[in-house]
$ cat query_35.cif   # mmCIF, C-alpha atoms
data_upload
loop_
_atom_site.group_PDB
_atom_site.id
_atom_site.type_symbol
_atom_site.label_atom_id
_atom_site.label_comp_id
_atom_site.auth_asym_id
_atom_site.auth_seq_id
_atom_site.Cartn_x
_atom_site.Cartn_y
_atom_site.Cartn_z
ATOM 1 C CA MET G 134 93.543 327.099 96.720
ATOM 2 C CA ALA G 135 95.618 329.659 98.552
ATOM 3 C CA MET G 136 94.503 333.099 97.549
ATOM 4 C CA SER G 137 96.872 334.175 94.785
ATOM 5 C CA PRO G 138 96.846 337.934 95.230
ATOM 6 C CA ASP G 139 97.331 340.356 92.389
ATOM 7 C CA ILE G 140 100.965 341.386 92.055
ATOM 8 C CA ARG G 141 101.869 344.388 89.911
ATOM 9 C CA THR G 142 105.218 345.173 88.352
ATOM 10 C CA PRO G 143 106.159 347.888 85.853
ATOM 11 C CA HIS G 144 104.987 345.766 82.878
ATOM 12 C CA LEU G 145 102.917 342.940 84.328
ATOM 13 C CA LEU G 146 99.879 342.096 86.355
ATOM 14 C CA MET G 147 100.013 338.673 87.951
ATOM 15 C CA THR G 148 96.502 337.614 88.847
ATOM 16 C CA ALA G 149 94.983 334.365 90.076
ATOM 17 C CA PHE G 150 94.637 331.959 87.180
ATOM 18 C CA SER G 151 90.983 331.115 86.549
ATOM 19 C CA GLU G 152 88.726 329.533 83.930
ATOM 20 C CA ARG G 153 88.871 332.891 82.165
ATOM 21 C CA TYR G 154 92.434 332.094 81.016
ATOM 22 C CA LEU G 155 91.673 328.576 79.769
ATOM 23 C CA SER G 156 91.685 329.049 76.020
ATOM 24 C CA PRO G 157 92.792 327.294 72.847
ATOM 25 C CA ARG G 158 95.704 329.776 72.726
ATOM 26 C CA TYR G 159 96.864 328.707 76.195
ATOM 27 C CA VAL G 160 96.548 324.997 75.340
ATOM 28 C CA GLY G 161 98.486 325.761 72.149
ATOM 29 C CA TRP G 162 101.422 327.086 74.177
ATOM 30 C CA LEU G 163 101.640 323.800 76.047
ATOM 31 C CA ASN G 164 101.601 321.836 72.786
ATOM 32 C CA ASN G 165 104.165 324.071 71.062
ATOM 33 C CA PRO G 166 107.571 322.328 71.073
ATOM 34 C CA ASP G 167 109.376 325.695 70.891
ATOM 35 C CA VAL G 168 107.585 326.957 74.018
ATOM 36 C CA THR G 169 108.025 323.763 76.038
ATOM 37 C CA ARG G 170 111.456 322.668 74.786
ATOM 38 C CA PHE G 171 113.001 322.943 78.287
ATOM 39 C CA SER G 172 109.875 321.930 80.214
ATOM 40 C CA GLU G 173 108.668 318.525 81.271
ATOM 41 C CA GLN G 174 105.405 319.630 79.595
ATOM 42 C CA ARG G 175 107.106 318.635 76.336
ATOM 43 C CA HIS G 176 106.369 314.957 77.045
ATOM 44 C CA GLY G 177 102.572 315.171 76.955
ATOM 45 C CA ARG G 178 99.692 316.318 74.807
ATOM 46 C CA HIS G 179 97.504 318.911 76.478
ATOM 47 C CA THR G 180 93.782 319.601 76.095
ATOM 48 C CA MET G 181 91.291 321.997 77.644
ATOM 49 C CA GLU G 182 90.330 319.143 79.981
ATOM 50 C CA SER G 183 93.918 318.467 81.118
ATOM 51 C CA CYS G 184 94.474 322.189 81.689
ATOM 52 C CA ARG G 185 91.224 322.456 83.640
ATOM 53 C CA ALA G 186 92.326 319.486 85.785
ATOM 54 C CA TYR G 187 95.670 321.222 86.426
ATOM 55 C CA LEU G 188 93.827 324.375 87.549
ATOM 56 C CA LYS G 189 91.612 322.284 89.840
ATOM 57 C CA SER G 190 94.712 320.678 91.386
ATOM 58 C CA PHE G 191 95.394 323.995 93.142
ATOM 59 C CA GLU G 192 92.051 323.984 94.986
ATOM 60 C CA ASN G 193 92.297 323.617 98.758
ATOM 61 C CA THR G 194 96.100 323.743 98.710
ATOM 62 C CA PRO G 195 98.610 326.345 99.928
ATOM 63 C CA ASN G 196 99.900 326.655 96.353
ATOM 64 C CA HIS G 197 99.600 329.559 93.929
ATOM 65 C CA PHE G 198 98.839 329.735 90.205
ATOM 66 C CA TRP G 199 99.024 333.105 88.469
ATOM 67 C CA ALA G 200 98.257 334.273 84.939
ATOM 68 C CA LEU G 201 100.842 336.767 83.677
ATOM 69 C CA LEU G 202 99.237 339.705 81.898
ATOM 70 C CA GLU G 203 101.252 342.258 79.928
ATOM 71 C CA THR G 204 99.916 345.679 80.917
ATOM 72 C CA ASP G 205 101.457 347.441 77.896
ATOM 73 C CA ARG G 206 99.251 345.376 75.569
ATOM 74 C CA ASP G 207 95.828 345.705 77.202
ATOM 75 C CA PHE G 208 96.495 342.976 79.764
ATOM 76 C CA LEU G 209 97.339 340.315 77.183
ATOM 77 C CA HIS G 210 97.752 336.882 78.805
ATOM 78 C CA ILE G 211 101.394 336.004 78.024
ATOM 79 C CA GLY G 212 102.178 333.186 80.442
ATOM 80 C CA ASN G 213 101.759 331.597 83.842
ATOM 81 C CA LEU G 214 103.669 331.253 87.070
ATOM 82 C CA ASN G 215 103.129 328.742 89.852
ATOM 83 C CA ALA G 216 104.423 328.347 93.379
ATOM 84 C CA TYR G 217 104.198 325.037 95.206
ATOM 85 C CA VAL G 218 104.273 325.935 98.889
ATOM 86 C CA ASP G 219 105.387 323.606 101.683
ATOM 87 C CA PRO G 220 104.087 325.398 104.815
ATOM 88 C CA MET G 221 105.649 322.905 107.236
ATOM 89 C CA ASN G 222 109.145 323.629 105.901
ATOM 90 C CA GLU G 223 108.410 327.271 104.982
ATOM 91 C CA THR G 224 109.529 326.756 101.387
ATOM 92 C CA ALA G 225 108.139 327.234 97.906
ATOM 93 C CA ASP G 226 109.224 325.989 94.501
ATOM 94 C CA VAL G 227 108.469 328.367 91.645
ATOM 95 C CA GLY G 228 108.004 327.711 87.927
ATOM 96 C CA ILE G 229 107.227 329.989 84.998
ATOM 97 C CA LEU G 230 106.133 329.677 81.393
ATOM 98 C CA ILE G 231 106.087 332.588 78.966
ATOM 99 C CA GLY G 232 103.899 331.068 76.264
ATOM 100 C CA GLU G 233 103.340 334.132 74.119
ATOM 101 C CA THR G 234 106.439 334.128 71.917
ATOM 102 C CA SER G 235 106.040 337.831 71.074
ATOM 103 C CA ALA G 236 106.753 338.501 74.786
ATOM 104 C CA TRP G 237 110.065 336.622 74.765
ATOM 105 C CA GLY G 238 113.272 338.568 75.325
ATOM 106 C CA LYS G 239 111.594 341.511 77.068
ATOM 107 C CA GLY G 240 112.656 340.631 80.615
ATOM 108 C CA TYR G 241 109.155 339.684 81.737
ATOM 109 C CA ALA G 242 110.201 336.332 83.206
ATOM 110 C CA ALA G 243 112.808 338.007 85.437
ATOM 111 C CA GLU G 244 110.356 340.761 86.399
ATOM 112 C CA ALA G 245 107.657 338.252 87.357
ATOM 113 C CA PHE G 246 110.058 335.895 89.110
ATOM 114 C CA GLU G 247 111.525 338.584 91.328
ATOM 115 C CA ALA G 248 108.081 339.957 92.227
ATOM 116 C CA VAL G 249 106.744 336.537 93.182
ATOM 117 C CA ILE G 250 109.839 335.748 95.245
ATOM 118 C CA ALA G 251 109.344 339.061 97.065
ATOM 119 C CA TYR G 252 105.710 338.131 97.769
ATOM 120 C CA LEU G 253 106.599 334.643 99.009
ATOM 121 C CA ILE G 254 109.388 335.866 101.276
ATOM 122 C CA GLU G 255 107.994 339.193 102.463
ATOM 123 C CA GLU G 256 104.253 338.466 102.624
ATOM 124 C CA ARG G 257 104.024 334.697 103.060
ATOM 125 C CA ARG G 258 107.146 334.806 105.288
ATOM 126 C CA LEU G 259 108.660 331.723 103.701
ATOM 127 C CA ARG G 260 112.299 331.062 104.560
ATOM 128 C CA LYS G 261 113.382 329.621 101.209
ATOM 129 C CA VAL G 262 112.205 329.867 97.585
ATOM 130 C CA THR G 263 113.578 327.424 95.011
ATOM 131 C CA ALA G 264 113.448 326.839 91.274
ATOM 132 C CA GLY G 265 115.091 324.518 88.805
ATOM 133 C CA THR G 266 115.725 323.999 85.131
ATOM 134 C CA LEU G 267 117.698 321.990 82.624
ATOM 135 C CA SER G 268 121.308 323.135 82.343
ATOM 136 C CA ALA G 269 120.677 323.800 78.633
ATOM 137 C CA ASN G 270 118.105 326.466 79.561
ATOM 138 C CA THR G 271 120.656 329.235 80.057
ATOM 139 C CA GLN G 272 117.989 331.954 79.825
ATOM 140 C CA MET G 273 116.158 330.525 82.848
ATOM 141 C CA VAL G 274 119.421 330.237 84.765
ATOM 142 C CA ARG G 275 119.933 333.983 84.143
ATOM 143 C CA VAL G 276 116.358 334.714 85.298
ATOM 144 C CA MET G 277 117.015 332.875 88.573
ATOM 145 C CA GLU G 278 120.344 334.666 89.066
ATOM 146 C CA LYS G 279 118.761 338.079 88.392
ATOM 147 C CA ALA G 280 116.200 337.273 91.089
ATOM 148 C CA GLY G 281 119.027 336.811 93.597
ATOM 149 C CA MET G 282 119.058 333.018 93.627
ATOM 150 C CA ILE G 283 122.206 331.012 94.239
ATOM 151 C CA GLU G 284 123.073 327.455 93.275
ATOM 152 C CA ASP G 285 121.297 324.933 95.478
ATOM 153 C CA GLY G 286 122.471 321.741 93.829
ATOM 154 C CA ILE G 287 123.007 320.009 90.543
ATOM 155 C CA ARG G 288 121.548 316.624 89.657
ATOM 156 C CA LYS G 289 124.007 315.242 87.116
ATOM 157 C CA GLY G 290 122.488 313.680 84.001
ATOM 158 C CA HIS G 291 119.023 313.819 85.570
ATOM 159 C CA TYR G 292 117.042 314.497 82.392
ATOM 160 C CA LEU G 293 117.190 313.356 78.809
ATOM 161 C CA TRP G 294 116.997 316.361 76.519
ATOM 162 C CA ASN G 295 117.269 315.885 72.773
ATOM 163 C CA GLY G 296 118.601 312.393 73.451
ATOM 164 C CA THR G 297 121.423 313.607 75.688
ATOM 165 C CA GLU G 298 121.829 313.304 79.455
ATOM 166 C CA THR G 299 121.404 316.792 80.857
ATOM 167 C CA ASP G 300 121.943 318.181 84.338
ATOM 168 C CA ALA G 301 119.152 319.681 86.420
ATOM 169 C CA ILE G 302 120.223 322.952 88.018
ATOM 170 C CA HIS G 303 118.499 323.924 91.260
ATOM 171 C CA MET G 304 118.742 327.439 92.689
ATOM 172 C CA ALA G 305 117.360 329.089 95.807
ATOM 173 C CA VAL G 306 117.086 332.298 97.733
ATOM 174 C CA PHE G 307 116.772 332.368 101.509
ATOM 175 C CA ARG G 308 114.780 334.958 103.447
ATOM 176 C CA ASP G 309 117.848 336.236 105.327
ATOM 177 C CA GLN G 310 119.747 336.675 102.044
ATOM 178 C CA TRP G 311 116.744 338.362 100.461
ATOM 179 C CA VAL G 312 116.543 340.860 103.320
ATOM 180 C CA ARG G 313 120.241 341.701 102.959
ATOM 181 C CA LYS G 314 119.825 342.093 99.199
ATOM 182 C CA SER G 315 116.800 344.346 99.669
ATOM 183 C CA ASN G 316 118.637 346.464 102.221
ATOM 184 C CA LYS G 317 121.487 347.045 99.784
ATOM 185 C CA LEU G 318 119.015 348.422 97.245
ATOM 186 C CA LYS G 319 117.585 351.025 99.609
#
$ encode --input "query_35.cif" --output "structure tokens"
Amino acid sequence: MAMSPDIRTPHLLMTAFSERYLSPRYVGWLNNPDVTRFSEQRHGRHTMESCRAYLKSFENTPNHFWALLETDRDFLHIGNLNAYVDPMNETADVGILIGETSAWGKGYAAEAFEAVIAYLIEERRLRKVTAGTLSANTQMVRVMEKAGMIEDGIRKGHYLWNGTETDAIHMAVFRDQWVRKSNKLK
């Protein structure tokens, strides 16, 4: 597994996901239809074994898997973030899950997303970072926009969500755009 370094933000510590974070609570998030309603995780039943296998899938890869810990609540594990890195094309695709419902609506997803994009672009020197979601997941679309992402394509009717064809929205940020954005903030 690529070393997933600790990343600190004002309210979060993102640290490499490990066996320490495999817990019945974590598995419960993945089996909670409210938590996974916009995720493809909603189609399966998860166990400690399936979660352990997912963790192992990151071994000996360039990918990252972080546990999101809320620093204001004694480093409570509130979610996870992954980055699938394609070194040959200098890209990464990022996904996030805030499983702890008491952490919803506090801006943590946007905070984590922006920090991980900064790491991938500034430290890993990737040229493009992408993410996607169902069009119905307007909160995630806002998270991606807050992180400086722009539309990178729409796959019309790609998913079935609640029995209805739903678009997949893809967004991206490029290194040269990120640099310009960062320069404007200085």
$ resolve_selection --input "query_35.cif" --expression "the PyMOL selection byres ((chain G and resi 154) around 12)" --output "NGL selection string"
:G and (148-153 or 155-160 or 181 or 184-185 or 188 or 198-202 or 208-213)
$ resolve_selection --input "query_35.cif" --expression "the PyMOL selection byres ((chain G and resi 285) around 8)" --output "list in words"
Ile283, Glu284, Gly286, Ile287, Ile302, His303, Met304 and Ala305 of chain G
$ closest_residue --input "query_35.cif" --among "G:Glu192, G:Gly232, G:Gly290, G:Gly281" --to "Thr169 (chain G)" --atoms "only C-alpha atoms"
G:Gly232
$ residues_around --input "query_35.cif" --residues "Phe171 (chain G)" --least-positions-apart "2" --cutoff "10 Å" --atoms "all atoms listed in the file" --output "list in words"
Pro166, Asp167, Val168, Thr169, Glu173, Gln174, Arg175, Thr266, Leu267, Ser268, Ala269, Asn270, Met273, Trp294 and Asn295 of chain G
$ closest_residue --input "query_35.cif" --among "G:Ala216, G:Ala225, G:Met147, G:Met277" --to "Thr204 (chain G)" --atoms "all atoms listed in the file"
G:Met147
$ resolve_selection --input "query_35.cif" --expression "the PyMOL selection byres ((chain G and resi 218) around 12)" --output "number ranges by chain"
G: 134-135, 137, 191, 194-198, 215-217, 219-228, 250, 253-254, 257-264
$ atom_distance --input "query_35.cif" --atom1 "CA of Tyr241 (chain G)" --atom2 "CA of Leu146 (chain G)"
10.6 Å
$ atom_distance --input "query_35.cif" --atom1 "CA of Trp237 (chain G)" --atom2 "CA of Pro138 (chain G)"
24.4 Å
$ closest_residue --input "query_35.cif" --among "G:Val276, G:Met282, G:Val306, G:Ala243" --to "Thr142 (chain G)" --atoms "only C-alpha atoms"
G:Ala243
